[in-house]
Amino acid sequence: MAIKAYNPTTPGQRGMTTQDFSEITTKKPLRSLLVAKKRGSGRNNQGRITTRHRGGGQRRFYRLVNFNLPAGVSATIEQIEYDPNRSARIARIKDTTGTYHYVLAAKGMTVGQQIDSGPEAPIENGNRLPIANIPVGSTLHAVELNPGRGAQLARSAGSSVQLVAKDGDYGQLRLPSGEVRMVLISCTASLGVVGNEQHQNVKIGKAGRKRRMGIRPTVRGVVQNAVDHPHGGGDGGKHGIGGGKDHGAAPKTPWGQKTLGYKTRRRKSSNKLIVRSRHAAKRK
């Protein structure tokens, strides 16, 4: 997939790029696999803003992606579709019973390709198997963390994990962050890399395009008043992180919590499953 550039006919389009949608085979999603998506605008069930800078944006329908394809399913890819709710493409597949599913489209998937799931599925791109039946060294995506719960790891565009070892009931996976963690070999995973790998190279180009994505403007803390942000204040002119009386202190959130080098992971039972921390390479 390539990146498509715009002609610089306006200041906003100068440097703006977009995705090449040539791999998408249809613009009409399957209505039976769509549900209405209500805008939350970053608010919780009490109406309080829990995620700032969210609101507005283009109306969307949510695609019901199947992250837990049951064993024994044999299906054919009918369409490769765009999904506005995720960076990856999705594939519309039809199994032998005539049931339609949406699954994440792996790199190299084509219309007419057959996809199988289950312990006996062949080792081919897009097929879904238990980790116990996958050779060491394979590249995987849409990996389960708990058997039967559905895929949770490596679901975004261009992402993948590598199966580096098997030890007893666990397989060791190297994640994109560099972390190596153990996952039960009874968990399932799909072979290959998630498609649309050039997504990270798209340049938004202008503010209005970000607004259509439902993201509102962000104001830096250092240009706010001291009463509004720990970075704010100062006697005019440029100043660094910390602002007025807190000048030179560590960066903080608007509520005073440290933002760099501050450990936020507490009481996580999955710590024992991490073989190598993602910070290990940084310490060398």
# chains A, B, ... in the order shown; residues from 1 in each chain; ligands from 1

call {"tool": "residues_around", "arguments": {"residues": "His199 in chain A", "least_positions_apart": "4", "cutoff": "8 Å", "atoms": "only C-alpha atoms", "output": "ChimeraX atom specification"}}
result
/A:19,87,157-158

call {"tool": "write_last_selection", "arguments": {"atoms": "N, CA and C atoms", "output": "PDB file, in the first residue's frame"}}
result
ATOM      1  N   GLN A  19      -4.310   7.824   2.585  1.00  0.00           N
ATOM      2  CA  GLN A  19      -4.079   6.418   2.285  1.00  0.00           C
ATOM      3  C   GLN A  19      -4.491   6.107   0.853  1.00  0.00           C
ATOM      4  N   SER A  87      -7.598   1.514  12.562  1.00  0.00           N
ATOM      5  CA  SER A  87      -6.599   1.816  11.534  1.00  0.00           C
ATOM      6  C   SER A  87      -6.456   0.684  10.525  1.00  0.00           C
ATOM      7  N   ALA A 157      -3.151  -1.344  12.595  1.00  0.00           N
ATOM      8  CA  ALA A 157      -2.537  -1.443  11.277  1.00  0.00           C
ATOM      9  C   ALA A 157      -1.038  -1.658  11.366  1.00  0.00           C
ATOM     10  N   GLY A 158      -0.538  -2.650  10.629  1.00  0.00           N
ATOM     11  CA  GLY A 158       0.889  -2.901  10.541  1.00  0.00           C
ATOM     12  C   GLY A 158       1.511  -3.585  11.740  1.00  0.00           C
TER      13      GLY A 158
END

call {"tool": "residues_around", "arguments": {"residues": "Asn196 in chain A", "least_positions_apart": "5", "cutoff": "12 Å", "atoms": "only C-alpha atoms", "output": "PyMOL selection string"}}
result
chain A and resi 1-3+18-24+80-83+86-90+104-109+155-159+201-202

call {"tool": "select_by_dssp", "arguments": {"residues": "range 155-208 of chain A", "states": "strand (DSSP E)", "output": "ChimeraX atom specification"}}
result
/A:161-167,170-174,180-184,188-191

call {"tool": "write_last_selection", "arguments": {"atoms": "C-alpha atoms", "output": "mmCIF file, in the first residue's frame"}}
result
data_model
loop_
_atom_site.group_PDB
_atom_site.id
_atom_site.type_symbol
_atom_site.label_atom_id
_atom_site.label_comp_id
_atom_site.auth_asym_id
_atom_site.auth_seq_id
_atom_site.Cartn_x
_atom_site.Cartn_y
_atom_site.Cartn_z
ATOM 1 C CA VAL A 161 4.048 -10.172 17.401
ATOM 2 C CA GLN A 162 6.585 -12.959 17.039
ATOM 3 C CA LEU A 163 6.411 -16.355 18.702
ATOM 4 C CA VAL A 164 9.969 -16.731 20.014
ATOM 5 C CA ALA A 165 9.673 -19.832 22.226
ATOM 6 C CA LYS A 166 7.409 -22.430 23.807
ATOM 7 C CA ASP A 167 7.915 -23.596 27.372
ATOM 8 C CA TYR A 170 3.145 -21.106 27.779
ATOM 9 C CA GLY A 171 4.453 -19.522 24.608
ATOM 10 C CA GLN A 172 6.724 -16.483 24.654
ATOM 11 C CA LEU A 173 5.729 -13.569 22.425
ATOM 12 C CA ARG A 174 7.879 -10.591 21.473
ATOM 13 C CA VAL A 180 8.535 -10.467 25.871
ATOM 14 C CA ARG A 181 5.607 -11.995 27.685
ATOM 15 C CA MET A 182 4.139 -15.437 28.220
ATOM 16 C CA VAL A 183 0.726 -16.459 26.891
ATOM 17 C CA LEU A 184 -0.995 -19.815 27.317
ATOM 18 C CA THR A 188 -5.476 -18.608 19.528
ATOM 19 C CA ALA A 189 -3.784 -16.240 17.096
ATOM 20 C CA SER A 190 -3.947 -15.392 13.404
ATOM 21 C CA LEU A 191 -0.942 -15.821 11.139
#

call {"tool": "closest_residue", "arguments": {"among": "A:Gln198, A:Ala154, A:Leu145, A:Gly234", "to": "Leu273 in chain A", "atoms": "only C-alpha atoms"}}
result
A:Leu145

call {"tool": "residues_around", "arguments": {"residues": "Thr97 in chain A", "least_positions_apart": "3", "cutoff": "10 Å", "atoms": "only C-alpha atoms", "output": "list in words"}}
result
Val73, Ser74, Ala75, Lys94 and Tyr100 of chain A

call {"tool": "select_by_dssp", "arguments": {"residues": "range 57-272 of chain A", "states": "helix (DSSP H, G or I)", "output": "JSON, numbers by chain"}}
result
{"A": [131, 132, 133, 197, 198, 199, 200, 201, 207, 208, 209, 210, 211, 212, 221, 222, 223, 269, 270, 271, 272]}

call {"tool": "write_last_selection", "arguments": {"atoms": "C-alpha atoms", "output": "JSON list (two decimals), in the first residue's frame"}}
result
[["chain", "number", "residue", "atom", "x", "y", "z"],
["A", 131, "ILE", "CA", -0.41, -21.11, 19.69],
["A", 132, "ALA", "CA", 0.42, -24.76, 20.50],
["A", 133, "ASN", "CA", 0.05, -25.62, 16.80],
["A", 197, "GLU", "CA", 0.99, -0.85, 7.29],
["A", 198, "GLN", "CA", 1.48, 2.66, 5.87],
["A", 199, "HIS", "CA", -1.21, 4.12, 8.13],
["A", 200, "GLN", "CA", 1.38, 5.62, 10.50],
["A", 201, "ASN", "CA", 2.94, 7.64, 7.66],
["A", 207, "ALA", "CA", -6.79, 21.19, 11.70],
["A", 208, "GLY", "CA", -10.16, 20.64, 10.05],
["A", 209, "ARG", "CA", -9.29, 17.10, 9.11],
["A", 210, "LYS", "CA", -8.58, 16.34, 12.75],
["A", 211, "ARG", "CA", -11.94, 17.82, 13.76],
["A", 212, "ARG", "CA", -13.74, 15.49, 11.34],
["A", 221, "GLY", "CA", -0.06, 23.80, 29.60],
["A", 222, "VAL", "CA", 2.82, 26.31, 29.38],
["A", 223, "VAL", "CA", 0.59, 28.91, 27.69],
["A", 269, "SER", "CA", -1.19, -9.87, 38.44],
["A", 270, "SER", "CA", 0.13, -10.21, 34.88],
["A", 271, "ASN", "CA", 3.57, -8.88, 35.93],
["A", 272, "LYS", "CA", 4.66, -12.47, 36.52]]

call {"tool": "atom_distance", "arguments": {"atom1": "CA of Arg39 in chain A", "atom2": "CA of Arg59 in chain A"}}
result
8.3 Å

call {"tool": "closest_residue", "arguments": {"among": "A:Gly148, A:Gly12, A:Pro176, A:Pro70", "to": "Ala121 in chain A", "atoms": "only C-alpha atoms"}}
result
A:Pro70
